[in-house]
Every structure is written in structure tokens, then in C-alpha cells.
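Structure file work-v5.txt (compact mmCIF, C-alpha atoms) is printed below.
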```txt
# COMPACT_ATOMS: atom_id res chain seq x y z
CA MET A 273 -15.22 13.47 -41.50
CA ASN A 274 -14.84 11.10 -38.58
CA PRO A 275 -18.03 10.13 -36.84
CA GLU A 276 -18.13 10.38 -33.04
CA PRO A 277 -16.46 7.33 -31.49
CA ARG A 278 -18.86 4.79 -30.05
CA MET A 279 -18.28 4.49 -26.33
CA LEU A 280 -19.26 1.69 -24.02
CA GLU A 281 -19.44 2.79 -20.39
CA VAL A 282 -17.75 0.31 -18.06
CA ARG A 283 -16.47 1.93 -14.84
CA LYS A 284 -14.49 -0.87 -13.24
CA ASN A 285 -11.77 -0.64 -10.64
CA VAL A 286 -8.65 -2.26 -12.07
CA LEU A 287 -7.56 -3.59 -8.68
CA LYS A 288 -11.05 -4.84 -7.82
CA GLN A 289 -9.90 -8.44 -7.63
CA ASN A 290 -7.26 -7.51 -5.03
CA ASP A 291 -9.71 -5.37 -3.11
CA VAL A 292 -12.29 -8.16 -2.93
CA VAL A 293 -9.73 -10.56 -1.45
CA ALA A 294 -8.42 -7.86 0.90
CA HIS A 295 -11.94 -7.13 2.20
CA ALA A 296 -12.54 -10.83 2.78
CA LEU A 297 -9.27 -11.07 4.72
CA ARG A 298 -10.15 -8.02 6.79
CA ASP A 299 -13.56 -9.50 7.68
CA ARG A 300 -11.92 -12.78 8.59
CA PHE A 301 -9.30 -11.12 10.83
CA ARG A 302 -12.03 -9.11 12.50
CA ALA A 303 -14.20 -12.18 13.13
CA GLN A 304 -11.23 -14.00 14.68
CA GLY A 305 -10.22 -11.03 16.81
CA THR A 306 -6.86 -10.85 15.06
CA LEU A 307 -5.12 -7.55 14.45
CA ALA A 308 -3.22 -7.42 11.16
CA VAL A 309 -0.28 -5.04 10.96
CA SER A 310 1.80 -4.56 7.82
CA LEU A 311 5.21 -2.97 7.41
CA VAL A 312 6.48 -1.12 4.35
CA SER A 313 9.75 0.70 3.75
CA SER A 314 12.62 0.99 1.34
CA PRO A 315 15.12 -1.89 1.32
CA GLY A 316 17.42 -1.69 4.32
CA ALA A 317 15.30 0.62 6.48
CA GLY A 318 15.26 -2.00 9.23
CA LYS A 319 11.89 -3.74 8.84
CA THR A 320 13.22 -7.18 9.74
CA MET A 321 15.25 -6.03 12.74
CA PHE A 322 12.31 -3.96 14.02
CA LEU A 323 9.93 -6.86 13.52
CA GLU A 324 12.25 -9.40 15.15
CA LYS A 325 12.43 -7.20 18.23
CA THR A 326 8.68 -6.56 18.20
CA LEU A 327 7.84 -10.26 17.91
CA THR A 328 10.25 -11.17 20.71
CA LEU A 329 8.71 -8.62 23.05
CA LEU A 330 5.09 -9.28 22.14
CA LYS A 331 5.21 -13.08 22.30
CA GLN A 332 5.47 -12.92 26.08
CA HIS A 333 1.91 -11.61 26.23
CA TYR A 334 0.24 -12.38 22.91
CA ARG A 335 -0.10 -15.03 20.24
CA VAL A 336 1.76 -13.50 17.34
CA ALA A 337 2.99 -14.66 13.94
CA ALA A 338 4.52 -13.09 10.86
CA LEU A 339 4.38 -13.38 7.10
CA VAL A 340 7.38 -12.00 5.29
CA GLY A 341 7.62 -11.11 1.62
CA ASP A 342 10.91 -11.23 -0.20
CA LEU A 343 11.90 -11.38 -3.85
CA ALA A 344 14.17 -14.37 -3.64
CA THR A 345 15.78 -15.25 -0.33
CA GLU A 346 14.52 -16.75 2.90
CA ASN A 347 17.03 -14.79 4.95
CA ASP A 348 14.42 -12.54 6.54
CA ALA A 349 12.19 -15.46 7.50
CA LEU A 350 15.15 -17.20 9.10
CA ARG A 351 16.02 -14.05 11.05
CA LEU A 352 12.43 -13.59 12.19
CA ALA A 353 12.18 -17.25 13.20
CA ARG A 354 14.85 -16.54 15.81
CA SER A 355 12.16 -14.72 17.77
CA GLY A 356 10.53 -18.13 18.34
CA VAL A 357 7.15 -17.28 16.81
CA PRO A 358 5.61 -18.91 13.72
CA VAL A 359 6.94 -17.28 10.55
CA ARG A 360 6.06 -18.00 6.96
CA GLN A 361 7.94 -16.77 3.93
CA ILE A 362 6.21 -15.50 0.80
CA THR A 363 8.67 -15.57 -2.08
CA THR A 364 7.42 -13.15 -4.69
CA GLY A 365 9.91 -14.00 -7.43
CA THR A 366 10.12 -10.93 -9.63
CA LEU A 367 7.10 -9.24 -8.11
CA CYS A 368 8.00 -6.06 -6.24
CA HIS A 369 5.10 -6.10 -3.76
CA LEU A 370 2.67 -8.35 -1.89
CA GLU A 371 -0.92 -8.76 -3.04
CA ALA A 372 -3.94 -9.83 -0.98
CA ALA A 373 -4.19 -13.22 -2.73
CA MET A 374 -0.63 -14.03 -1.62
CA ILE A 375 -1.61 -13.40 2.00
CA GLU A 376 -4.68 -15.58 1.57
CA ARG A 377 -2.58 -18.39 0.07
CA ALA A 378 0.10 -18.11 2.74
CA LEU A 379 -2.53 -18.50 5.47
CA GLU A 380 -3.88 -21.72 3.96
CA ASN A 381 -2.87 -24.86 5.85
CA TRP A 382 -0.92 -22.81 8.33
CA ASP A 383 -1.83 -24.31 11.65
CA VAL A 384 -1.05 -21.48 14.04
CA GLY A 385 -4.37 -21.43 15.87
CA ARG A 386 -6.10 -18.16 16.65
CA LEU A 387 -3.70 -15.24 16.56
CA ASP A 388 -3.82 -11.99 18.46
CA ILE A 389 -1.58 -10.19 16.01
CA LEU A 390 -0.43 -11.10 12.53
CA PHE A 391 2.45 -9.06 11.14
CA ILE A 392 3.00 -8.80 7.40
CA GLU A 393 6.40 -7.58 6.22
CA ASN A 394 6.13 -6.30 2.66
CA VAL A 395 8.89 -6.39 0.06
CA GLY A 396 11.35 -3.51 0.53
CA ASN A 397 9.93 -0.94 -1.88
CA LEU A 398 8.41 2.51 -1.37
CA VAL A 399 6.45 2.59 -4.62
CA CYS A 400 4.44 -0.49 -5.60
CA PRO A 401 3.12 -1.70 -2.20
CA ALA A 402 1.13 1.55 -1.93
CA SER A 403 -1.43 0.36 -4.48
CA TYR A 404 -2.32 -2.94 -2.82
CA ASP A 405 -4.64 -3.37 0.14
CA LEU A 406 -3.61 -6.49 2.06
CA GLY A 407 -6.55 -6.51 4.47
CA GLU A 408 -4.39 -5.09 7.24
CA ASP A 409 -5.79 -2.90 10.03
CA LEU A 410 -2.65 -0.87 10.44
CA ARG A 411 0.07 -0.04 7.95
CA LEU A 412 3.40 1.12 9.34
CA VAL A 413 5.82 2.93 7.05
CA LEU A 414 9.41 2.82 8.29
CA LEU A 415 11.95 5.51 7.56
CA SER A 416 15.50 5.08 8.81
CA VAL A 417 17.64 8.02 9.87
CA THR A 418 20.29 6.99 7.34
CA GLU A 419 17.96 7.52 4.38
CA GLY A 420 17.59 11.26 4.30
CA GLU A 421 14.80 13.45 5.60
CA ASP A 422 13.18 14.08 2.23
CA LYS A 423 12.01 10.49 1.59
CA PRO A 424 8.38 11.37 2.43
CA LEU A 425 8.40 14.10 -0.23
CA LYS A 426 9.87 11.72 -2.80
CA TYR A 427 7.38 8.95 -2.03
CA PRO A 428 4.22 10.74 -0.85
CA THR A 429 1.89 7.97 -2.01
CA ILE A 430 3.24 5.30 0.34
CA PHE A 431 3.20 7.73 3.30
CA ASN A 432 -0.31 8.71 2.36
CA SER A 433 -1.49 5.11 2.28
CA SER A 434 0.06 4.34 5.70
CA ASP A 435 -1.31 4.95 9.19
CA VAL A 436 1.81 5.38 11.28
CA ALA A 437 5.35 6.50 10.44
CA VAL A 438 8.16 4.83 12.35
CA ILE A 439 11.58 6.49 12.31
CA THR A 440 14.10 3.67 12.78
CA LYS A 441 17.77 3.38 13.75
CA ILE A 442 17.59 6.48 15.95
CA ASP A 443 20.72 5.29 17.74
CA LEU A 444 22.55 6.43 14.58
CA ALA A 445 20.81 9.82 14.33
CA ALA A 446 23.68 11.90 15.67
CA ALA A 447 26.32 10.10 13.59
CA VAL A 448 24.48 10.78 10.32
CA GLU A 449 23.35 14.27 11.43
CA PHE A 450 19.72 13.34 11.01
CA ASP A 451 17.48 16.41 11.01
CA GLU A 452 14.50 15.13 12.97
CA GLN A 453 12.48 18.31 12.66
CA ALA A 454 12.84 18.32 8.87
CA ALA A 455 11.82 14.65 8.65
CA LYS A 456 8.78 15.27 10.84
CA ALA A 457 7.78 18.34 8.83
CA ASN A 458 8.06 16.36 5.58
CA ILE A 459 5.93 13.54 6.94
CA GLN A 460 3.29 15.99 8.13
CA ALA A 461 3.37 17.76 4.74
CA VAL A 462 2.35 14.63 2.85
CA ARG A 463 0.14 13.15 5.59
CA PRO A 464 -1.07 15.75 8.09
CA HIS A 465 -1.69 14.47 11.64
CA MET A 466 0.14 11.23 10.90
CA ARG A 467 1.13 9.39 14.06
CA LEU A 468 4.88 9.22 14.50
CA LEU A 469 7.11 6.87 16.47
CA LYS A 470 10.89 6.87 16.93
CA VAL A 471 12.70 3.65 17.63
CA SER A 472 15.98 1.86 17.79
CA ALA A 473 15.39 -1.87 17.58
CA LYS A 474 19.06 -2.30 18.48
CA THR A 475 19.04 -0.44 21.80
CA GLY A 476 15.32 -0.92 22.45
CA GLU A 477 14.70 2.83 22.70
CA GLY A 478 11.13 3.74 21.75
CA MET A 479 9.99 0.12 21.40
CA ASP A 480 7.58 0.55 24.33
CA ASP A 481 5.58 3.13 22.42
CA CYS A 482 5.24 0.78 19.43
CA LEU A 483 4.11 -2.10 21.60
CA LEU A 484 1.65 0.12 23.43
CA LEU A 485 0.13 1.31 20.17
CA VAL A 486 -0.36 -2.25 18.93
CA ALA A 487 -1.63 -3.48 22.31
CA LYS A 488 -4.13 -0.64 22.49
CA MET A 489 -5.45 -1.38 19.01
CA LEU A 490 -5.72 -5.07 19.85
CA ALA A 491 -7.69 -4.30 23.02
CA GLU A 492 -10.13 -2.25 20.93
CA ARG A 493 -10.39 -5.09 18.44
CA LEU A 494 -11.16 -7.63 21.16
CA GLU A 495 -13.80 -5.35 22.60
CA GLU A 496 -15.67 -5.41 19.28
CA THR A 497 -15.11 -9.18 18.89
CA PRO A 498 -15.44 -11.01 22.20
CA ILE A 499 -13.69 -14.37 21.71
CA MET B 217 7.60 -1.35 -11.40
CA HIS B 218 4.19 -2.97 -11.07
CA GLU B 219 2.73 -1.23 -14.11
CA LEU B 220 3.03 -4.31 -16.32
CA SER B 221 0.91 -6.42 -14.00
CA ILE B 222 -1.62 -3.57 -13.79
CA ALA B 223 -1.63 -3.28 -17.60
CA MET B 224 -2.29 -7.02 -17.83
CA SER B 225 -5.23 -6.69 -15.44
CA ILE B 226 -6.65 -3.90 -17.61
CA VAL B 227 -6.29 -5.96 -20.77
CA GLU B 228 -7.83 -9.01 -19.13
CA MET B 229 -10.78 -6.99 -17.84
CA ALA B 230 -11.40 -5.28 -21.19
CA GLN B 231 -11.09 -8.51 -23.09
CA GLU B 232 -13.69 -10.18 -20.90
CA GLU B 233 -16.01 -7.25 -21.34
CA ALA B 234 -15.48 -7.15 -25.11
CA GLU B 235 -16.12 -10.87 -25.49
CA ARG B 236 -19.21 -10.77 -23.33
CA ARG B 237 -20.71 -7.98 -25.42
CA SER B 238 -19.29 -9.16 -28.76
CA VAL B 239 -17.64 -5.85 -29.61
CA GLN B 240 -14.24 -4.85 -30.96
CA VAL B 241 -12.25 -2.39 -28.92
CA ASP B 242 -10.29 0.50 -30.36
CA ALA B 243 -9.27 2.13 -27.09
CA ILE B 244 -9.61 1.76 -23.35
CA HIS B 245 -10.33 4.86 -21.30
CA LEU B 246 -8.79 4.95 -17.86
CA GLU B 247 -8.92 7.37 -14.95
CA LEU B 248 -5.60 7.51 -13.13
CA GLY B 249 -5.32 9.30 -9.80
CA ALA B 250 -2.15 11.09 -8.76
CA LEU B 251 -2.17 8.97 -5.59
CA SER B 252 -2.77 5.64 -7.32
CA GLY B 253 0.90 4.72 -7.10
CA VAL B 254 0.97 4.05 -10.84
CA VAL B 255 3.21 5.94 -13.27
CA LYS B 256 1.34 6.94 -16.43
CA GLU B 257 4.24 6.66 -18.88
CA ALA B 258 5.23 3.23 -17.57
CA LEU B 259 1.62 2.08 -17.74
CA VAL B 260 1.10 3.22 -21.34
CA PHE B 261 4.36 1.56 -22.35
CA SER B 262 3.39 -1.66 -20.52
CA TYR B 263 -0.07 -1.60 -22.09
CA GLU B 264 1.33 -2.09 -25.55
CA ILE B 265 3.24 -5.15 -24.38
CA ALA B 266 0.28 -6.53 -22.44
CA CYS B 267 -1.98 -6.23 -25.51
CA GLY B 268 0.31 -8.28 -27.72
CA GLY B 269 -1.35 -11.45 -28.96
CA THR B 270 -4.73 -10.60 -27.46
CA LEU B 271 -7.98 -9.36 -28.99
CA LEU B 272 -6.87 -5.89 -28.00
CA GLU B 273 -3.63 -5.87 -29.96
CA GLY B 274 -3.16 -2.47 -31.56
CA SER B 275 -5.66 -0.73 -29.30
CA ARG B 276 -4.85 2.45 -27.38
CA LEU B 277 -4.91 3.28 -23.69
CA VAL B 278 -6.37 6.74 -23.17
CA VAL B 279 -5.46 8.02 -19.71
CA THR B 280 -7.25 10.84 -17.93
CA ASP B 281 -5.26 12.19 -14.99
CA VAL B 282 -7.23 12.71 -11.82
CA PRO B 283 -5.71 15.35 -9.51
CA ILE B 284 -5.83 15.03 -5.74
CA GLU B 285 -8.96 16.50 -4.25
CA VAL B 286 -9.18 16.87 -0.48
CA TYR B 287 -11.84 18.12 1.87
CA CYS B 288 -10.95 21.27 3.78
CA ALA B 289 -12.72 21.29 7.14
CA MET B 290 -12.08 25.01 7.55
CA CYS B 291 -13.53 26.09 4.19
CA GLN B 292 -16.01 23.19 4.32
CA LEU B 293 -15.33 22.60 0.65
CA PRO B 294 -13.54 20.13 -1.59
CA LYS B 295 -10.24 21.55 -2.86
CA THR B 296 -7.83 20.44 -5.55
CA LEU B 297 -4.21 20.16 -4.42
CA PRO B 298 -1.62 21.71 -6.72
CA SER B 299 1.10 19.46 -5.26
CA MET B 300 1.17 16.01 -3.71
CA GLN B 301 4.00 17.16 -1.44
CA TRP B 302 1.81 19.57 0.44
CA PHE B 303 -1.48 18.32 1.87
CA CYS B 304 -2.87 21.69 2.89
CA CYS B 305 -5.83 23.67 1.63
CA PRO B 306 -4.51 25.83 -1.23
CA ASP B 307 -6.72 28.70 -0.07
CA CYS B 308 -6.60 28.81 3.72
CA GLY B 309 -3.54 26.60 4.41
CA THR B 310 -5.28 24.21 6.83
CA PRO B 311 -3.62 20.76 6.80
CA THR B 312 -5.94 18.03 5.61
CA SER B 313 -5.57 14.35 4.88
CA GLU B 314 -9.14 13.65 3.88
CA VAL B 315 -8.71 12.51 0.29
CA ILE B 316 -11.83 12.59 -1.90
CA HIS B 317 -10.26 11.93 -5.29
CA GLY B 318 -6.83 10.94 -6.51
CA ARG B 319 -6.64 7.22 -5.75
CA GLU B 320 -8.53 6.23 -8.94
CA LEU B 321 -7.36 3.38 -11.10
CA VAL B 322 -10.58 2.84 -13.00
CA VAL B 323 -11.48 1.68 -16.49
CA THR B 324 -14.30 4.07 -17.38
CA ALA B 325 -15.18 3.13 -20.97
CA LEU B 326 -14.31 1.07 -23.99
CA GLU B 327 -14.10 2.92 -27.29
CA LEU B 328 -15.45 0.64 -29.98
CA LYS B 329 -14.26 0.08 -33.53
CA GLN B 330 -16.49 1.76 -36.10
```
Have the structure of the file written as C-alpha cells, please.
Amino acid sequence: MNPEPRMLEVRKNVLKQNDVVAHALRDRFRAQGTLAVSLVSSPGAGKTMFLEKTLTLLKQHYRVAALVGDLATENDALRLARSGVPVRQITTGTLCHLEAAMIERALENWDVGRLDILFIENVGNLVCPASYDLGEDLRLVLLSVTEGEDKPLKYPTIFNSSDVAVITKIDLAAAVEFDEQAAKANIQAVRPHMRLLKVSAKTGEGMDDCLLLVAKMLAERLEETPI
Amino acid sequence: MHELSIAMSIVEMAQEEAERRSVQVDAIHLELGALSGVVKEALVFSYEIACGGTLLEGSRLVVTDVPIEVYCAMCQLPKTLPSMQWFCCPDCGTPTSEVIHGRELVVTALELKQ
């Protein structure tokens, strides 16, 4: 007869190390009056194009910068640098997501002064980034009209961990017969009351709403942290 | 596929704990939420690899699934969701995004060698 197994109670969060760093980053951003916004999506949903446009528009009024994660290339960083704002690449190698410690390291010795808004573009992936807090205040999940309306149902975890859904490439909606109502219903099914934006970074349609959202959040941030 | 790096974190954590308390571990018990973003099968497979050459080689990973539990403001009660594609109260249908459980990725206990 087997005796009862001897158990040692532990109760430890596996991602505690990441969470500790993420909390420290969040506190630091808050103390500096910086708003941190991250972007997640599948590869090719238009994160870089959307961010390039956003940076170009925001830099006229705010001090902005961007960190961009990529498995191997620096192509995205080079594209973002065209906006004229400071950009730093995080090459993840084989890692399919960003972790808080990578953000912390990337910020070291980066002399950009005090920032109003720091954007963090995650690696194109709808699965792994969901598990890692990066210390951001706002997580945008992008869904392009060319991807199919059921993406939220296939990847509920990433939608559930995000604050705002951004439907991108809406200039192509008619051509690909994008069913906007179905996409919206699917987003609401996995994340009720989720805020939704529709944009085309190419034509500029809907960009105002995105900028307004970020500007409004930044104003609230500055109210709590007078610089 | 980030399960291998998660498995390595679990092994590292358990090894530290085992060394600190001078015990030998037979199994690690883990709570895994449906919303953790981690796939159970991939994690169990990765665990075996991550254990190789460590004090935990040959040990098991015992996973307890944690379903999604939300708070329904209408019923004023916690409710378990039958599907992660439908964040509505299973009884009254009110949409809710207030997650109480389901994000767990927690080592709960070490099962010791007899």
C-alpha cells in the first residue's frame, strides 16, 4: 500500500520575476509622467505602419519614442525611425514575445530625456505576448480587415489581456468583404465593453480617434503626476 | 511557443526551493488557468526537457486546470464560464469581463520523494 505523498506547500507565481520588473517599470513611468502604450497583433496586421503614422502625428505635440521587438531583423526599427523620433530595437532572437526585463534593459543608457509617451511594439504573435506584463498602461491589440473576423474567438486570451482593439487597414475592408459587425460581435464576446477603434494608417482615416485616446490618457497621467 | 521558457522557470523555482529545504522532489503541482496563455500539453512536454540534467530529472508535472470564473454584476455572484469564447454569465446572459480566476500560472506544492 502506498502511503500518502508528502506535500510541501509553495504557492508561487511562475511569472513572478517578470511581474516584479513590470511593476517597477510601471511605477517608474508613473513617477516620470510617461504613458506607456504597447501594441500586439499577428504578424502583418500593420503594427509598424500604424505606429509610424502615430509617431509622426504625435511628435508635433509630444515627446514620444518607441521600442520595437523583432525576432531577427531591424527593418521595423528602420521604418519607425523615418518618423524622426527616437527608436530602439529589441532583437529577441528565437523568443516569440517581449518580457519586462527586455524593456528595462532597452531603456538603460538611452538618453531620450523625459518622455510623454513610450510606445512598445511587441513581436508579431497573438499567443505568447498575452502572458507577459510589460509595465504598460495601455495595451492595444490590432486586427486587420484582411485577417478574418473570427480572430478574437481563436485568440481570446490576447484580446482579454488588452485594453483597446484597433481594426486596421479599413481602406481595404470593401475589397476583402470584411464583415465589421461580425468582427465587433466577436471582440465583444471575448472582452465585453472593449473599446474599439477603426483606422487606416495609409489614408489617415480614424487616426484622430487613436490620438485623442492617447492624448486623453496622457492628460490624466499628468494630472496625477505634476512634472 | 513560450512553454519551454515557462517550464524552465518552473524547474528553476522548484530547484531553488528543494535545495533551500534539502528535500527531493517527485512531482511539481501547478495550477494553470484557461486564460494564462499557456498550453498544457506543450508545457508538460517542455517540462521533461527542462528537467534534464537538473535535480528534478525524472520528476512529474501535475497540472490542475483552473476554469475561468467571472463576477456577474446582475446575479452578484461569481460564475464559471463554460467557454472562453463567450464572456457572459451562463445563467442570466449579462456580459462581464471581470475575471476572478483563470489567469493562474502558479506552483502550488512540491510532492516529495518518500
Next on the checklist: Could you tell me which residues of chain A sit within 9 Å of chain B when counting all atoms listed in the file, and give me the result as a ChimeraX atom specification?
Outcome noted: /A:275,277-287,367-369,399-403,424-430,432-433,458,460-466
Checklist entry - Residues at most 10 Å from Leu339 in chain A, counting all atoms listed in the file, excluding those fewer than 4 positions away in the same chain, as a count of residues only? => result 16
Next on the checklist: List as a PyMOL selection string the protein and nucleic acid residues near Ala447 in chain A, meaning an atom at most 12 Å away when all atoms listed in the file are counted, but skip any in the same chain fewer than 6 places from it.
Outcome noted: chain A and resi 417-418+441
Item to check | Given only C-alpha atoms as the counted atoms, nearest of A:Ala372, A:Leu469, A:Asp299, A:Val336 to Leu484 in chain A | outcome: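 Of A:Ala372, A:Leu469, A:Asp299, A:Val336, the one nearest Leu484 in chain A, counting only C-alpha atoms, is A:Leu469.
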Checklist outcome for this item: Here CA of Lys331 in chain A and CA of Arg377 in chain A stand apart by 24.1 Å
Next on the checklist: Counting only C-alpha atoms, which residues have an atom no more than 8 Å from (16.3, 6.7, 19.8) in the file's coordinates? Please list them as a count of residues only.
Outcome noted: 11
